[in-house]
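Participant: Pasting a structure here, questions to come.
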Amino acid sequence: MNKTSIARMLLSPRLRQLDEYASQAETLQRGVLARLVHTAKDTEWGRRHGFSDVRDYKQFAQRCPVSTYDDLKGEIDRMRRGESDVLWKGRVSHYAKSSGTTNDKSKFLPVSHEALKDTHYRGGTDAVVWYLRNEPESRLFEGKSLILGGSHSPNYDLPGSMVGDLSAILIENISPLVNMFRVPRKETALLADFEVKRRRIAEETLRQDVTSLSGVPSWMLSVVHEVMELTGKKSLDEVWPNLEVFFHGGVAFTPYRHQYEQLIRSPRMRYMETYNASEGFFGLQDDPHDPAMSLMVDYGVFYEFIPMEEFGSPNATVVPLWGVETGKNYAMVISTSSGLWRYMIGDTVSFTNRNPYKFVITGRTKFFINAFGEELIVDNAEKGLTTACRQTGAEVSEYTAAPVYMDSRAHCRHQWLIEFAKAPSDVGEFARILDEALQQLNSDYEAKRYKNITLQPLEIVVARRGQFDDWLKAKGKLGGQHKVPRLSNERTTIEEIMEYGDPTKEGQA
């Protein structure tokens, strides 16, 4: 019996539990809420909000306010300085550093010992469980998994406490058993300098039997290119002939899929999306033929949702999972085993099914363009770019977009800064196709574009190769889980990135 067969046998009981998602989701979620509230009832937060008397969801929602990072920042900073029993029971030693808010450069999100076990590592395990069910011929455990990680540093110099990328915290605390199947070495995986790390990862893994990849598509692609350069091979199959799956997350995979398919030509290669964030692990693509992910309803996360048409209003409706409707855009609210209570994570989702609950990520509550009533979301942008790439043969590496506000004639437009892996032969044609696709995808955008009366045709500025990476590097965000904001209602991001190159020399439409 090989290692993969043994893994199948050991993981089969979990598969039976996952099959209960279709019929027991509400029961499982109510149980999660009860456990979270009971565990935190004697914390400062729990006492303040009367958790000891909470008996059901209605009471919880009445007593506990919906929160943002700024609302919890004071408590989180006290936890970082070593205080116990503030938002979560005991002392929380690990903090995932994430992109900041309006008031701060970075957020520091608590990652408790419980959350590592009941959420983050559980998500990684379940990804394997579902993958092995879908691929009966898999030999996943006969080789190594290349897992990308960020870096971490001491937290306020407190012994045993750290702050950094979630991926670094996960690698630092990973089970010795799992570590047997992982590359590169921990010392390499946790290097802070991504350019040095990328080279060392390539050197350490090019002679290994890598069967799976795990990480953010953009950063993994950078590592893959380094491997190809070192080996001089034309396809990754020649380096790792037994490679069979890429567990990806962090950013939308659509802009990168074609590039991976060109580099990995094996018909056995599979791609599985995961929805893991600094705040928790939320979803998995359990069916390779369905882009929607299953919501993980028995982890240490309780879910609520705000209809996006009400988002930002003082009396917005908030519904539990069993109150959602399919085809509706929601802002996600979570309560977790790290002490984030009714916390607005900033992501938006839409459910495609309720039995089991399956969803797609549609964007971010703050990553959209609605400067002129067009309500353009990331999901529209990704699909529009896919259409333009398919029709022109182009490939997009990175992009961001923002509005150009009204001039004296009340004209305005959207400006897209795009770095192409493969540029279209006619950037103007690419812009036209993208613009038309967005109109087909978004009726509000279409209405504002009507006869060019208000919103003019979009503009594409072509970035030079490496321009986005240079911006990320200058901000200390190259590598790890950092990503480029795709859409913004203001121009700060796009103008900062434009300062790192002279894109007018390469083309403009």
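For the structure tokens, the naming scheme is as follows: chains receive sequential letters (A, B, ...) according to their order of presentation, residues are indexed from 1 within each chain, and ligands are indexed from 1 in presentation order.
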Which residues come within 6 Å of A:Phe367, counting only C-alpha atoms, excluding same-chain residues fewer than 2 positions away, as a short mmCIF file (atom, residue, chain, number, x, y, z; two decimals) with C-alpha atoms, in the first residue's frame?
Facilitator:
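Printed below is out_29.cif as written:
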```cif
data_model
loop_
_atom_site.label_atom_id
_atom_site.label_comp_id
_atom_site.auth_asym_id
_atom_site.auth_seq_id
_atom_site.Cartn_x
_atom_site.Cartn_y
_atom_site.Cartn_z
CA ARG A 364 -14.26 43.57 -2.12
CA THR A 365 -16.52 46.04 -0.37
CA LEU A 487 -10.41 48.41 -8.52
CA SER A 488 -10.54 51.61 -6.55
#
```
Participant: Which polymer residues have any atom within 12 Å of an atom of A:Trp88, counting only C-alpha atoms, with same-chain residues fewer than 5 positions away left out, as a compact mmCIF listing (two decimals) with all heavy atoms, in the first residue's frame?
Facilitator:
```txt
# COMPACT_ATOMS: atom_id res chain seq x y z
N LEU A 36 -18.48 29.12 20.03
CA LEU A 36 -17.72 30.37 20.09
C LEU A 36 -18.16 31.22 21.27
O LEU A 36 -17.33 31.75 22.03
CB LEU A 36 -17.89 31.15 18.78
CG LEU A 36 -17.30 30.55 17.50
CD1 LEU A 36 -17.67 31.40 16.30
CD2 LEU A 36 -15.79 30.42 17.61
N VAL A 37 -19.46 31.39 21.43
CA VAL A 37 -20.00 32.22 22.51
C VAL A 37 -19.66 31.63 23.87
O VAL A 37 -19.26 32.35 24.79
CB VAL A 37 -21.53 32.39 22.34
CG1 VAL A 37 -22.15 33.00 23.59
CG2 VAL A 37 -21.84 33.25 21.12
N HIS A 38 -19.79 30.31 24.01
CA HIS A 38 -19.48 29.66 25.28
C HIS A 38 -18.01 29.83 25.64
O HIS A 38 -17.66 30.12 26.80
CB HIS A 38 -19.84 28.18 25.22
CG HIS A 38 -19.49 27.42 26.47
ND1 HIS A 38 -20.21 27.52 27.64
CD2 HIS A 38 -18.44 26.57 26.73
CE1 HIS A 38 -19.65 26.78 28.56
NE2 HIS A 38 -18.59 26.18 28.05
N THR A 39 -17.13 29.65 24.66
CA THR A 39 -15.69 29.76 24.93
C THR A 39 -15.30 31.16 25.35
O THR A 39 -14.43 31.35 26.20
CB THR A 39 -14.89 29.36 23.67
OG1 THR A 39 -15.25 28.04 23.27
CG2 THR A 39 -13.39 29.41 23.94
N ALA A 40 -15.98 32.16 24.79
CA ALA A 40 -15.60 33.56 25.04
C ALA A 40 -16.44 34.24 26.12
O ALA A 40 -16.26 35.44 26.36
CB ALA A 40 -15.71 34.36 23.74
N LYS A 41 -17.31 33.51 26.81
CA LYS A 41 -18.23 34.16 27.74
C LYS A 41 -17.53 34.85 28.90
O LYS A 41 -18.04 35.83 29.46
CB LYS A 41 -19.27 33.16 28.26
CG LYS A 41 -18.71 32.01 29.09
CD LYS A 41 -19.82 31.05 29.48
CE LYS A 41 -19.27 29.83 30.21
NZ LYS A 41 -18.62 30.18 31.48
N ASP A 42 -16.35 34.36 29.28
CA ASP A 42 -15.64 34.96 30.41
C ASP A 42 -14.53 35.92 29.98
O ASP A 42 -13.74 36.38 30.81
CB ASP A 42 -15.05 33.87 31.31
CG ASP A 42 -16.13 33.04 31.99
OD1 ASP A 42 -17.16 33.63 32.37
OD2 ASP A 42 -15.95 31.82 32.12
N THR A 43 -14.47 36.21 28.69
CA THR A 43 -13.51 37.22 28.22
C THR A 43 -14.08 38.61 28.49
O THR A 43 -15.27 38.76 28.81
CB THR A 43 -13.23 37.08 26.72
OG1 THR A 43 -14.46 37.35 25.99
CG2 THR A 43 -12.72 35.68 26.37
N GLU A 44 -13.23 39.60 28.32
CA GLU A 44 -13.70 40.97 28.49
C GLU A 44 -14.85 41.28 27.53
O GLU A 44 -15.86 41.88 27.89
CB GLU A 44 -12.54 41.93 28.27
CG GLU A 44 -12.88 43.40 28.45
CD GLU A 44 -11.69 44.29 28.18
OE1 GLU A 44 -10.63 44.09 28.81
OE2 GLU A 44 -11.81 45.19 27.32
N TRP A 45 -14.68 40.86 26.27
CA TRP A 45 -15.71 41.09 25.26
C TRP A 45 -16.98 40.33 25.60
O TRP A 45 -18.10 40.86 25.50
CB TRP A 45 -15.20 40.67 23.89
CG TRP A 45 -16.13 40.97 22.76
CD1 TRP A 45 -17.12 40.16 22.27
CD2 TRP A 45 -16.20 42.16 21.98
NE1 TRP A 45 -17.78 40.75 21.23
CE2 TRP A 45 -17.23 42.00 21.03
CE3 TRP A 45 -15.47 43.35 21.98
CZ2 TRP A 45 -17.56 42.97 20.10
CZ3 TRP A 45 -15.79 44.33 21.05
CH2 TRP A 45 -16.82 44.15 20.12
N GLY A 46 -16.84 39.09 26.02
CA GLY A 46 -17.99 38.26 26.35
C GLY A 46 -18.78 38.81 27.52
O GLY A 46 -20.03 38.80 27.52
N ARG A 47 -18.10 39.30 28.55
CA ARG A 47 -18.80 39.89 29.70
C ARG A 47 -19.51 41.18 29.30
O ARG A 47 -20.64 41.45 29.72
CB ARG A 47 -17.81 40.15 30.84
CG ARG A 47 -17.26 38.88 31.48
CD ARG A 47 -16.53 39.18 32.77
NE ARG A 47 -15.41 40.10 32.59
CZ ARG A 47 -14.17 39.72 32.31
NH1 ARG A 47 -13.89 38.43 32.16
NH2 ARG A 47 -13.20 40.61 32.16
N GLU A 75 -8.59 46.71 21.30
CA GLU A 75 -8.52 45.40 21.97
C GLU A 75 -7.42 44.53 21.37
O GLU A 75 -6.68 43.85 22.09
CB GLU A 75 -9.87 44.69 21.88
CG GLU A 75 -10.93 45.18 22.84
CD GLU A 75 -11.74 46.33 22.26
OE1 GLU A 75 -11.39 46.83 21.16
OE2 GLU A 75 -12.72 46.75 22.92
N ILE A 76 -7.30 44.56 20.04
CA ILE A 76 -6.28 43.73 19.39
C ILE A 76 -4.88 44.18 19.79
O ILE A 76 -4.00 43.35 20.06
CB ILE A 76 -6.46 43.77 17.85
CG1 ILE A 76 -7.74 43.04 17.45
CG2 ILE A 76 -5.25 43.14 17.15
CD1 ILE A 76 -8.09 43.14 15.98
N ARG A 78 -3.99 45.56 22.59
CA ARG A 78 -3.75 45.09 23.96
C ARG A 78 -3.41 43.60 23.97
O ARG A 78 -2.53 43.16 24.71
CB ARG A 78 -4.99 45.34 24.81
CG ARG A 78 -5.20 46.82 25.16
CD ARG A 78 -6.58 47.06 25.74
NE ARG A 78 -6.85 46.13 26.83
CZ ARG A 78 -8.07 45.75 27.19
NH1 ARG A 78 -9.14 46.21 26.54
NH2 ARG A 78 -8.23 44.91 28.20
N MET A 79 -4.07 42.83 23.10
CA MET A 79 -3.76 41.40 22.99
C MET A 79 -2.33 41.22 22.49
O MET A 79 -1.59 40.36 22.98
CB MET A 79 -4.75 40.72 22.04
CG MET A 79 -6.17 40.66 22.57
SD MET A 79 -7.39 40.23 21.28
CE MET A 79 -6.94 38.53 20.91
N GLU A 83 -1.87 40.90 26.80
CA GLU A 83 -3.03 40.75 27.67
C GLU A 83 -3.84 39.51 27.28
O GLU A 83 -3.96 39.18 26.10
CB GLU A 83 -3.93 41.99 27.61
CG GLU A 83 -3.34 43.21 28.29
CD GLU A 83 -4.37 44.32 28.46
OE1 GLU A 83 -5.54 44.01 28.81
OE2 GLU A 83 -4.01 45.49 28.22
N SER A 93 -0.96 34.48 20.67
CA SER A 93 0.46 34.79 20.45
C SER A 93 0.80 35.16 19.00
O SER A 93 1.85 35.75 18.76
CB SER A 93 1.33 33.60 20.87
OG SER A 93 1.17 33.34 22.25
N PRO A 110 -5.61 38.66 14.93
CA PRO A 110 -5.25 37.57 15.84
C PRO A 110 -5.46 36.21 15.21
O PRO A 110 -6.45 35.97 14.52
CB PRO A 110 -6.17 37.79 17.04
CG PRO A 110 -7.32 38.59 16.50
CD PRO A 110 -6.76 39.44 15.42
N VAL A 111 -4.51 35.31 15.44
CA VAL A 111 -4.62 33.91 14.99
C VAL A 111 -4.38 33.04 16.22
O VAL A 111 -3.25 32.80 16.63
CB VAL A 111 -3.59 33.58 13.90
CG1 VAL A 111 -3.77 32.14 13.42
CG2 VAL A 111 -3.70 34.55 12.73
N SER A 112 -5.45 32.61 16.84
CA SER A 112 -5.33 31.83 18.08
C SER A 112 -4.88 30.40 17.79
O SER A 112 -4.93 29.93 16.65
CB SER A 112 -6.68 31.80 18.81
OG SER A 112 -7.60 31.01 18.09
N HIS A 113 -4.46 29.73 18.84
CA HIS A 113 -4.09 28.31 18.71
C HIS A 113 -5.29 27.50 18.23
O HIS A 113 -5.14 26.60 17.39
CB HIS A 113 -3.60 27.79 20.07
CG HIS A 113 -3.23 26.35 20.06
ND1 HIS A 113 -2.13 25.86 19.38
CD2 HIS A 113 -3.84 25.26 20.63
CE1 HIS A 113 -2.06 24.55 19.54
NE2 HIS A 113 -3.08 24.16 20.29
N GLU A 114 -6.48 27.84 18.75
CA GLU A 114 -7.69 27.13 18.33
C GLU A 114 -7.95 27.33 16.84
O GLU A 114 -8.32 26.39 16.13
CB GLU A 114 -8.90 27.60 19.14
CG GLU A 114 -8.89 27.18 20.60
CD GLU A 114 -8.11 28.14 21.49
OE1 GLU A 114 -7.44 29.06 20.96
OE2 GLU A 114 -8.17 27.97 22.71
N ALA A 115 -7.78 28.58 16.36
CA ALA A 115 -8.06 28.86 14.95
C ALA A 115 -7.08 28.14 14.03
O ALA A 115 -7.45 27.72 12.92
CB ALA A 115 -8.01 30.36 14.69
N SER A 335 -17.65 35.72 12.67
CA SER A 335 -17.24 35.62 14.06
C SER A 335 -16.36 34.38 14.16
O SER A 335 -16.73 33.32 13.64
CB SER A 335 -18.45 35.49 14.99
OG SER A 335 -19.27 36.65 14.92
N THR A 336 -15.18 34.51 14.79
CA THR A 336 -14.19 33.44 14.68
C THR A 336 -13.61 33.02 16.02
O THR A 336 -13.73 33.72 17.04
CB THR A 336 -13.01 33.87 13.78
OG1 THR A 336 -12.18 34.79 14.52
CG2 THR A 336 -13.50 34.54 12.51
N SER A 337 -12.93 31.89 15.99
CA SER A 337 -12.26 31.37 17.18
C SER A 337 -10.94 32.08 17.45
O SER A 337 -10.11 31.59 18.22
CB SER A 337 -12.02 29.86 17.03
OG SER A 337 -11.32 29.57 15.85
N SER A 338 -10.74 33.24 16.83
CA SER A 338 -9.62 34.11 17.17
C SER A 338 -10.11 35.40 17.86
O SER A 338 -9.32 36.25 18.22
CB SER A 338 -8.81 34.49 15.93
OG SER A 338 -8.04 33.40 15.47
N GLY A 339 -11.46 35.53 18.00
CA GLY A 339 -11.99 36.70 18.68
C GLY A 339 -12.41 37.84 17.79
O GLY A 339 -12.56 38.97 18.25
N LEU A 340 -12.61 37.57 16.50
CA LEU A 340 -13.18 38.59 15.62
C LEU A 340 -14.70 38.42 15.68
O LEU A 340 -15.23 37.41 15.23
CB LEU A 340 -12.68 38.41 14.19
CG LEU A 340 -11.17 38.59 13.97
CD1 LEU A 340 -10.80 38.29 12.53
CD2 LEU A 340 -10.71 39.98 14.38
N TRP A 341 -15.40 39.40 16.24
CA TRP A 341 -16.83 39.27 16.49
C TRP A 341 -17.65 40.12 15.52
O TRP A 341 -17.50 41.32 15.47
CB TRP A 341 -17.16 39.66 17.94
CG TRP A 341 -16.51 38.73 18.92
CD1 TRP A 341 -15.41 38.98 19.69
CD2 TRP A 341 -16.89 37.39 19.17
NE1 TRP A 341 -15.09 37.87 20.42
CE2 TRP A 341 -15.98 36.86 20.13
CE3 TRP A 341 -17.91 36.55 18.70
CZ2 TRP A 341 -16.07 35.57 20.63
CZ3 TRP A 341 -18.00 35.26 19.19
CH2 TRP A 341 -17.09 34.78 20.14
```
Participant: Which is closer to A:Leu221 than all the others in A:His248, A:Lys328, A:Arg63, A:Lys186, using only C-alpha atoms?
Facilitator: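 Nearest to A:Leu221: A:His248.
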Participant: Could you tell me, as a PyMOL selection string, which residues of stretch 232-367 of chain A DSSP assigns to strand (DSSP E or B) when given the backbone?
Facilitator: chain A and resi 245-248+270-277+280-284+293-295+301-307+319-320+326+329-336+343-354+357-364
Participant: Which residue out of A:Val54, A:Leu33, A:Leu28, A:Cys389 has the minimum interatomic distance to A:His258 when only C-alpha atoms are used?
Facilitator: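 Ranked by minimum distance to A:His258, first place goes to A:Cys389.
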Participant: When you look at stretch 473-475 of chain A with a cut-off of 10 Å (counting only C-alpha atoms), what residues show up, excluding the ones that are within fewer than 5 positions of it in the same chain? I need them as a list in words.
Facilitator: Asp193, Phe194, Glu195, Gln467, Phe468 and Tyr500 of chain A
Participant: What is the distance, in Å and to one decimal place, between atom CA of A:Val484 and atom CA of A:Arg449?
Facilitator: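 Distance reported for this atom pair: 26.5 Å.
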Participant: As a PyMOL selection string, please: all residues of stretch 74-175 of chain A that backbone DSSP puts in alpha helix (DSSP H).
Facilitator: chain A and resi 74-80+113-115+121-134+166-172
Participant: Write the residues of the preceding selection, restricted to C-alpha atoms, as an mmCIF file, in the first residue's frame.
Facilitator:
```
data_model
loop_
_atom_site.group_PDB
_atom_site.id
_atom_site.type_symbol
_atom_site.label_atom_id
_atom_site.label_comp_id
_atom_site.auth_asym_id
_atom_site.auth_seq_id
_atom_site.Cartn_x
_atom_site.Cartn_y
_atom_site.Cartn_z
ATOM 1 C CA GLY A 74 -7.731 48.874 20.627
ATOM 2 C CA GLU A 75 -8.519 45.401 21.973
ATOM 3 C CA ILE A 76 -6.284 43.734 19.390
ATOM 4 C CA ASP A 77 -3.330 45.953 20.279
ATOM 5 C CA ARG A 78 -3.753 45.092 23.958
ATOM 6 C CA MET A 79 -3.756 41.398 22.986
ATOM 7 C CA ARG A 80 -0.582 41.956 20.947
ATOM 8 C CA HIS A 113 -4.087 28.313 18.715
ATOM 9 C CA GLU A 114 -7.688 27.128 18.327
ATOM 10 C CA ALA A 115 -8.055 28.859 14.949
ATOM 11 C CA TYR A 121 -5.087 23.565 9.076
ATOM 12 C CA ARG A 122 -8.511 21.985 8.770
ATOM 13 C CA GLY A 123 -8.985 23.844 5.499
ATOM 14 C CA GLY A 124 -5.722 22.495 4.128
ATOM 15 C CA THR A 125 -6.683 18.969 5.122
ATOM 16 C CA ASP A 126 -10.138 19.221 3.577
ATOM 17 C CA ALA A 127 -8.653 20.459 0.305
ATOM 18 C CA VAL A 128 -6.744 17.182 0.129
ATOM 19 C CA VAL A 129 -9.808 15.151 1.182
ATOM 20 C CA TRP A 130 -11.930 16.510 -1.649
ATOM 21 C CA TYR A 131 -9.108 16.383 -4.165
ATOM 22 C CA LEU A 132 -8.429 12.704 -3.479
ATOM 23 C CA ARG A 133 -12.131 11.905 -3.846
ATOM 24 C CA ASN A 134 -12.196 13.604 -7.252
ATOM 25 C CA LEU A 166 -0.471 34.107 7.691
ATOM 26 C CA SER A 167 1.374 31.657 5.432
ATOM 27 C CA ALA A 168 4.524 32.140 7.529
ATOM 28 C CA ILE A 169 2.595 31.533 10.760
ATOM 29 C CA LEU A 170 1.165 28.341 9.279
ATOM 30 C CA ILE A 171 4.577 27.061 8.175
ATOM 31 C CA GLU A 172 6.135 27.960 11.526
#
```
Participant: Kindly give the distance, in Å, that separates atom CA of A:Met293 and atom CA of A:Thr274, rounded to a single decimal.
Facilitator: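 Interatomic distance, atom CA of A:Met293 to atom CA of A:Thr274: 7.8 Å.
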Participant: Choose the residue, out of A:Ala61, A:Pro291, A:Trp416, A:Gly479, that has the smallest atom-to-atom separation from A:Ser222; count only C-alpha atoms.
Facilitator: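 Under the stated criterion, the closest residue is A:Gly479.
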Participant: At what distance in Å, to one decimal, does atom CA of A:Ser151 lie from atom CA of A:Val92?
Facilitator: 18.7 Å
Participant: Which residues are close to A:Tyr357, i.e. within 7 Å by only C-alpha atoms, leaving aside same-chain residues fewer than 5 positions away? Reply as a list of chain:residue names.
Facilitator: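 Within the cut-off, the hits are A:Ser294, A:Leu295, A:Phe351.
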Participant: Between A:Ser106, A:Thr352, A:Asn242, A:Gln59, which has the minimum distance to A:Gln208 (counting only C-alpha atoms)?
Facilitator: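 Checking each of A:Ser106, A:Thr352, A:Asn242, A:Gln59 against A:Gln208, counting only C-alpha atoms, the winner is A:Asn242.
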Participant: Find the residue from A:Arg139, A:Arg265, A:Arg48, A:Arg91 that sits nearest to A:Ser161; use only C-alpha atoms when measuring.
Facilitator: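 Smallest distance to A:Ser161 is found for A:Arg91.
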Participant: Compile the contact shell of A:Arg182 as a PyMOL selection string: residues with an atom at most 7 Å away, counting only C-alpha atoms, same-chain residues fewer than 3 positions apart removed.
Facilitator: chain A and resi 144-147+178-179
